[in-house]
$ cat query-v7.csv   # CSV, N, CA and C atoms
chain,number,residue,atom,x,y,z
A,3,ALA,N,-120.2,-8.8,-40.4
A,3,ALA,CA,-121.2,-8.0,-39.7
A,3,ALA,C,-121.6,-8.8,-38.4
A,4,LEU,N,-121.8,-10.1,-38.6
A,4,LEU,CA,-122.2,-10.9,-37.4
A,4,LEU,C,-121.2,-10.9,-36.3
A,5,ILE,N,-119.9,-11.1,-36.6
A,5,ILE,CA,-118.9,-11.1,-35.6
A,5,ILE,C,-118.8,-9.8,-34.8
A,6,GLY,N,-119.1,-8.7,-35.5
A,6,GLY,CA,-119.1,-7.4,-34.9
A,6,GLY,C,-120.4,-7.1,-34.1
A,7,GLY,N,-121.4,-8.0,-34.2
A,7,GLY,CA,-122.6,-7.9,-33.5
A,7,GLY,C,-123.6,-7.0,-34.2
A,8,ASN,N,-123.4,-6.8,-35.4
A,8,ASN,CA,-124.2,-5.8,-36.2
A,8,ASN,C,-125.5,-6.5,-36.8
A,9,LEU,N,-126.6,-6.1,-36.3
A,9,LEU,CA,-127.9,-6.6,-36.9
A,9,LEU,C,-128.6,-5.4,-37.6
A,10,THR,N,-129.3,-5.6,-38.6
A,10,THR,CA,-130.0,-4.6,-39.3
A,10,THR,C,-131.3,-4.3,-38.4
A,11,ASP,N,-131.9,-3.1,-38.7
A,11,ASP,CA,-133.1,-2.7,-38.0
A,11,ASP,C,-134.2,-3.8,-38.3
A,12,ASP,N,-134.3,-4.2,-39.5
A,12,ASP,CA,-135.3,-5.3,-39.9
A,12,ASP,C,-135.1,-6.5,-39.1
A,13,GLU,N,-133.8,-7.0,-39.0
A,13,GLU,CA,-133.5,-8.2,-38.2
A,13,GLU,C,-133.9,-8.0,-36.7
A,14,LYS,N,-133.6,-6.9,-36.2
A,14,LYS,CA,-134.0,-6.6,-34.8
A,14,LYS,C,-135.5,-6.6,-34.6
A,15,THR,N,-136.2,-6.0,-35.6
A,15,THR,CA,-137.7,-5.9,-35.5
A,15,THR,C,-138.4,-7.2,-35.5
A,16,ILE,N,-137.8,-8.2,-36.3
A,16,ILE,CA,-138.5,-9.5,-36.3
A,16,ILE,C,-137.9,-10.5,-35.2
A,17,GLY,N,-137.0,-9.9,-34.4
A,17,GLY,CA,-136.6,-10.7,-33.2
A,17,GLY,C,-135.3,-11.4,-33.2
A,18,PHE,N,-134.5,-11.1,-34.3
A,18,PHE,CA,-133.2,-11.7,-34.3
A,18,PHE,C,-132.3,-11.1,-33.2
A,19,GLN,N,-131.5,-12.0,-32.6
A,19,GLN,CA,-130.5,-11.6,-31.6
A,19,GLN,C,-129.2,-12.3,-31.9
A,20,THR,N,-128.1,-11.7,-31.3
A,20,THR,CA,-126.8,-12.4,-31.5
A,20,THR,C,-126.0,-12.3,-30.2
A,21,GLU,N,-125.1,-13.3,-30.0
A,21,GLU,CA,-124.2,-13.3,-28.9
A,21,GLU,C,-123.0,-12.5,-29.1
A,22,PHE,N,-122.8,-12.1,-30.4
A,22,PHE,CA,-121.6,-11.3,-30.8
A,22,PHE,C,-121.9,-9.8,-30.6
A,23,PRO,N,-120.8,-9.0,-30.4
A,23,PRO,CA,-119.4,-9.3,-30.4
A,23,PRO,C,-118.9,-9.9,-29.2
A,24,LEU,N,-117.8,-10.6,-29.3
A,24,LEU,CA,-117.1,-11.2,-28.2
A,24,LEU,C,-115.7,-10.6,-28.0
A,25,SER,N,-115.3,-10.1,-26.9
A,25,SER,CA,-114.0,-9.5,-26.7
A,25,SER,C,-112.9,-10.5,-27.1
A,26,GLY,N,-112.0,-10.0,-27.9
A,26,GLY,CA,-110.8,-10.8,-28.3
A,26,GLY,C,-111.1,-11.9,-29.3
A,27,PHE,N,-112.3,-11.9,-29.9
A,27,PHE,CA,-112.7,-12.9,-30.9
A,27,PHE,C,-112.8,-12.2,-32.2
A,28,ARG,N,-112.0,-12.7,-33.2
A,28,ARG,CA,-112.0,-12.1,-34.5
A,28,ARG,C,-111.8,-13.1,-35.6
A,29,LEU,N,-112.3,-12.8,-36.8
A,29,LEU,CA,-112.1,-13.6,-38.0
A,29,LEU,C,-110.7,-13.3,-38.5
A,30,ALA,N,-109.8,-14.4,-38.6
A,30,ALA,CA,-108.4,-14.2,-39.0
A,30,ALA,C,-108.3,-14.6,-40.5
A,31,GLY,N,-109.2,-15.4,-41.0
A,31,GLY,CA,-109.1,-15.8,-42.4
A,31,GLY,C,-110.2,-16.6,-42.8
A,32,ALA,N,-110.4,-16.7,-44.2
A,32,ALA,CA,-111.5,-17.5,-44.7
A,32,ALA,C,-111.1,-18.0,-46.1
A,33,SER,N,-111.5,-19.3,-46.4
A,33,SER,CA,-111.2,-19.8,-47.7
A,33,SER,C,-112.3,-20.7,-48.1
A,34,LEU,N,-112.6,-20.7,-49.4
A,34,LEU,CA,-113.7,-21.5,-50.0
A,34,LEU,C,-113.1,-22.4,-51.0
A,35,ARG,N,-113.2,-23.7,-50.8
A,35,ARG,CA,-112.7,-24.7,-51.8
A,35,ARG,C,-113.7,-25.9,-51.9
A,36,ASN,N,-114.2,-26.2,-53.1
A,36,ASN,CA,-115.1,-27.3,-53.3
A,36,ASN,C,-116.4,-27.1,-52.4
A,37,SER,N,-116.9,-25.9,-52.3
A,37,SER,CA,-118.1,-25.6,-51.6
A,37,SER,C,-117.9,-25.8,-50.0
A,38,VAL,N,-116.7,-25.9,-49.6
A,38,VAL,CA,-116.4,-26.0,-48.1
A,38,VAL,C,-115.8,-24.7,-47.7
A,39,LEU,N,-116.4,-24.0,-46.9
A,39,LEU,CA,-115.9,-22.7,-46.3
A,39,LEU,C,-115.2,-23.0,-45.0
A,40,THR,N,-113.9,-22.7,-45.0
A,40,THR,CA,-113.1,-22.8,-43.8
A,40,THR,C,-112.9,-21.4,-43.2
A,41,LEU,N,-113.3,-21.3,-42.0
A,41,LEU,CA,-113.2,-20.0,-41.3
A,41,LEU,C,-112.2,-20.1,-40.1
A,42,GLU,N,-111.2,-19.3,-40.1
A,42,GLU,CA,-110.2,-19.3,-39.1
A,42,GLU,C,-110.4,-18.1,-38.2
A,43,PHE,N,-110.4,-18.4,-36.9
A,43,PHE,CA,-110.7,-17.4,-35.9
A,43,PHE,C,-109.6,-17.3,-34.9
A,44,GLU,N,-109.4,-16.1,-34.3
A,44,GLU,CA,-108.6,-15.9,-33.1
A,44,GLU,C,-109.5,-15.6,-32.0
A,45,ASP,N,-109.2,-16.3,-30.8
A,45,ASP,CA,-110.0,-16.1,-29.6
A,45,ASP,C,-109.1,-15.9,-28.5
A,46,SER,N,-108.4,-14.7,-28.4
A,46,SER,CA,-107.4,-14.4,-27.4
A,46,SER,C,-108.0,-14.4,-26.0
A,47,ALA,N,-109.2,-14.1,-25.8
A,47,ALA,CA,-109.8,-14.0,-24.5
A,47,ALA,C,-110.6,-15.3,-24.1
A,48,GLY,N,-110.6,-16.3,-25.0
A,48,GLY,CA,-111.3,-17.5,-24.7
A,48,GLY,C,-112.8,-17.4,-24.6
A,49,GLN,N,-113.4,-16.5,-25.4
A,49,GLN,CA,-114.8,-16.2,-25.4
A,49,GLN,C,-115.7,-17.2,-26.1
A,50,ALA,N,-115.1,-18.1,-26.9
A,50,ALA,CA,-115.9,-19.0,-27.7
A,50,ALA,C,-115.9,-20.4,-27.0
A,51,VAL,N,-115.7,-20.4,-25.7
A,51,VAL,CA,-115.8,-21.6,-24.9
A,51,VAL,C,-116.9,-21.4,-23.9
A,52,GLY,N,-117.3,-22.5,-23.2
A,52,GLY,CA,-118.3,-22.4,-22.2
A,52,GLY,C,-119.2,-23.6,-22.2
A,53,GLY,N,-120.4,-23.4,-21.7
A,53,GLY,CA,-121.4,-24.5,-21.7
A,53,GLY,C,-121.8,-25.0,-23.0
A,54,ALA,N,-122.3,-26.2,-23.1
A,54,ALA,CA,-122.6,-26.8,-24.4
A,54,ALA,C,-123.7,-26.0,-25.1
A,55,CYS,N,-124.7,-25.4,-24.5
A,55,CYS,CA,-125.7,-24.7,-25.1
A,55,CYS,C,-125.2,-23.4,-25.7
A,56,ARG,N,-124.3,-22.7,-24.9
A,56,ARG,CA,-123.8,-21.4,-25.4
A,56,ARG,C,-122.9,-21.6,-26.6
A,57,VAL,N,-122.0,-22.6,-26.6
A,57,VAL,CA,-121.0,-22.7,-27.7
A,57,VAL,C,-121.8,-23.2,-28.9
A,58,GLN,N,-122.8,-24.0,-28.7
A,58,GLN,CA,-123.6,-24.5,-29.9
A,58,GLN,C,-124.4,-23.3,-30.5
A,59,LEU,N,-124.8,-22.4,-29.7
A,59,LEU,CA,-125.5,-21.1,-30.2
A,59,LEU,C,-124.5,-20.3,-31.0
A,60,LEU,N,-123.3,-20.1,-30.5
A,60,LEU,CA,-122.3,-19.3,-31.2
A,60,LEU,C,-122.0,-20.0,-32.5
A,61,ARG,N,-121.7,-21.3,-32.5
A,61,ARG,CA,-121.4,-22.0,-33.7
A,61,ARG,C,-122.5,-22.0,-34.7
A,62,SER,N,-123.7,-22.1,-34.3
A,62,SER,CA,-124.9,-22.1,-35.1
A,62,SER,C,-125.1,-20.8,-35.8
A,63,GLN,N,-124.8,-19.7,-35.0
A,63,GLN,CA,-125.0,-18.4,-35.6
A,63,GLN,C,-124.0,-18.2,-36.8
A,64,VAL,N,-122.8,-18.6,-36.6
A,64,VAL,CA,-121.8,-18.4,-37.6
A,64,VAL,C,-122.1,-19.3,-38.8
A,65,GLU,N,-122.4,-20.6,-38.6
A,65,GLU,CA,-122.8,-21.5,-39.7
A,65,GLU,C,-123.9,-21.1,-40.5
A,66,LYS,N,-125.0,-20.7,-39.8
A,66,LYS,CA,-126.2,-20.2,-40.5
A,66,LYS,C,-126.0,-19.0,-41.4
A,67,THR,N,-125.1,-18.1,-40.8
A,67,THR,CA,-124.8,-16.9,-41.6
A,67,THR,C,-124.0,-17.3,-42.8
A,68,ALA,N,-123.0,-18.2,-42.7
A,68,ALA,CA,-122.2,-18.6,-43.9
A,68,ALA,C,-123.0,-19.4,-44.9
A,69,MET,N,-124.0,-20.2,-44.4
A,69,MET,CA,-124.7,-21.0,-45.3
A,69,MET,C,-125.8,-20.3,-46.1
A,70,GLN,N,-126.0,-19.0,-45.8
A,70,GLN,CA,-126.9,-18.2,-46.7
A,70,GLN,C,-126.4,-18.0,-48.1
A,71,PHE,N,-125.1,-18.2,-48.3
A,71,PHE,CA,-124.5,-18.0,-49.6
A,71,PHE,C,-124.5,-19.3,-50.3
A,72,PRO,N,-125.1,-19.3,-51.5
A,72,PRO,CA,-125.4,-20.6,-52.2
A,72,PRO,C,-124.1,-21.4,-52.6
A,73,GLU,N,-123.0,-20.8,-52.7
A,73,GLU,CA,-121.8,-21.6,-53.0
A,73,GLU,C,-121.2,-22.3,-51.8
A,74,VAL,N,-121.7,-22.0,-50.6
A,74,VAL,CA,-121.3,-22.7,-49.3
A,74,VAL,C,-122.2,-23.9,-49.0
A,75,LYS,N,-121.6,-25.1,-49.0
A,75,LYS,CA,-122.4,-26.3,-48.6
A,75,LYS,C,-122.0,-26.8,-47.3
A,76,GLU,N,-120.8,-26.5,-46.8
A,76,GLU,CA,-120.3,-26.9,-45.5
A,76,GLU,C,-119.4,-25.9,-44.9
A,77,VAL,N,-119.4,-25.8,-43.6
A,77,VAL,CA,-118.6,-24.8,-42.9
A,77,VAL,C,-117.7,-25.6,-41.9
A,78,ARG,N,-116.4,-25.3,-42.0
A,78,ARG,CA,-115.4,-25.8,-41.0
A,78,ARG,C,-114.7,-24.7,-40.3
A,79,PHE,N,-114.3,-25.0,-39.1
A,79,PHE,CA,-113.7,-24.0,-38.2
A,79,PHE,C,-112.2,-24.3,-37.9
A,80,GLN,N,-111.4,-23.3,-37.8
A,80,GLN,CA,-110.0,-23.4,-37.4
A,80,GLN,C,-109.8,-22.4,-36.3
A,81,PRO,N,-109.3,-22.8,-35.2
A,81,PRO,CA,-108.8,-24.1,-34.8
A,81,PRO,C,-110.0,-25.0,-34.6
A,82,GLU,N,-109.8,-26.3,-34.8
A,82,GLU,CA,-110.9,-27.3,-34.6
A,82,GLU,C,-111.4,-27.3,-33.2
A,83,THR,N,-110.7,-26.8,-32.3
A,83,THR,CA,-111.1,-26.8,-30.9
A,83,THR,C,-112.1,-25.7,-30.6
A,84,LEU,N,-112.3,-24.8,-31.5
A,84,LEU,CA,-113.2,-23.7,-31.4
A,84,LEU,C,-114.6,-24.2,-31.2
A,85,PHE,N,-115.4,-23.5,-30.4
A,85,PHE,CA,-116.8,-23.8,-30.1
A,85,PHE,C,-117.0,-25.2,-29.4
A,86,GLN,N,-116.1,-25.5,-28.5
A,86,GLN,CA,-116.2,-26.8,-27.8
A,86,GLN,C,-116.6,-26.5,-26.3
A,87,PRO,N,-117.5,-27.3,-25.8
A,87,PRO,CA,-117.9,-27.0,-24.4
A,87,PRO,C,-116.7,-27.4,-23.4
$ encode --input "query-v7.csv" --output "structure tokens"
Amino acid sequence: ALIGGNLTDDEKTIGFQTEFPLSGFRLAGASLRNSVLTLEFEDSAGQAVGGACRVQLLRSQVEKTAMQFPEVKEVRFQPETLFQP
């Protein structure tokens, strides 16, 4: 839902915002092992790069969304170069 830019009406009402969706950015895979969630993304249009504040905001939105699940203790991204300024 986050990657698609979908927020609930309740989230919008209390002021949540998102930088997503991003053109050409999609979740290609996910795996959970030993409480580490690895998310693999495709970013064909280079939308997950930019200034340090912007990429940290994107990274943080994905991490905080994933960490709401109790079985997730850490989030890793593939490729590792994703969300780099």
$ residues_around --input "query-v7.csv" --residues "Val74 (chain A)" --least-positions-apart "5" --cutoff "6 Å" --atoms "only N, CA and C atoms" --output "PyMOL selection string"
chain A and resi 37-39+68-69
$ atom_distance --input "query-v7.csv" --atom1 "CA of Arg78 (chain A)" --atom2 "CA of Ala30 (chain A)"
13.7 Å
$ closest_residue --input "query-v7.csv" --among "A:Gly53, A:Pro23, A:Asn36, A:Leu9" --to "Glu73 (chain A)" --atoms "only N, CA and C atoms"
A:Asn36
$ closest_residue --input "query-v7.csv" --among "A:Gln86, A:Gly26, A:Thr10, A:Ile16" --to "Leu59 (chain A)" --atoms "only C-alpha atoms"
A:Gln86
$ closest_residue --input "query-v7.csv" --among "A:Asp12, A:Glu42, A:Gly7, A:Pro87" --to "Val57 (chain A)" --atoms "only N, CA and C atoms"
A:Pro87
$ residues_around --input "query-v7.csv" --residues "Gly6 (chain A)" --least-positions-apart "6" --cutoff "10 Å" --atoms "only C-alpha atoms" --output "NGL selection string"
:A and (20-25 or 27-29)
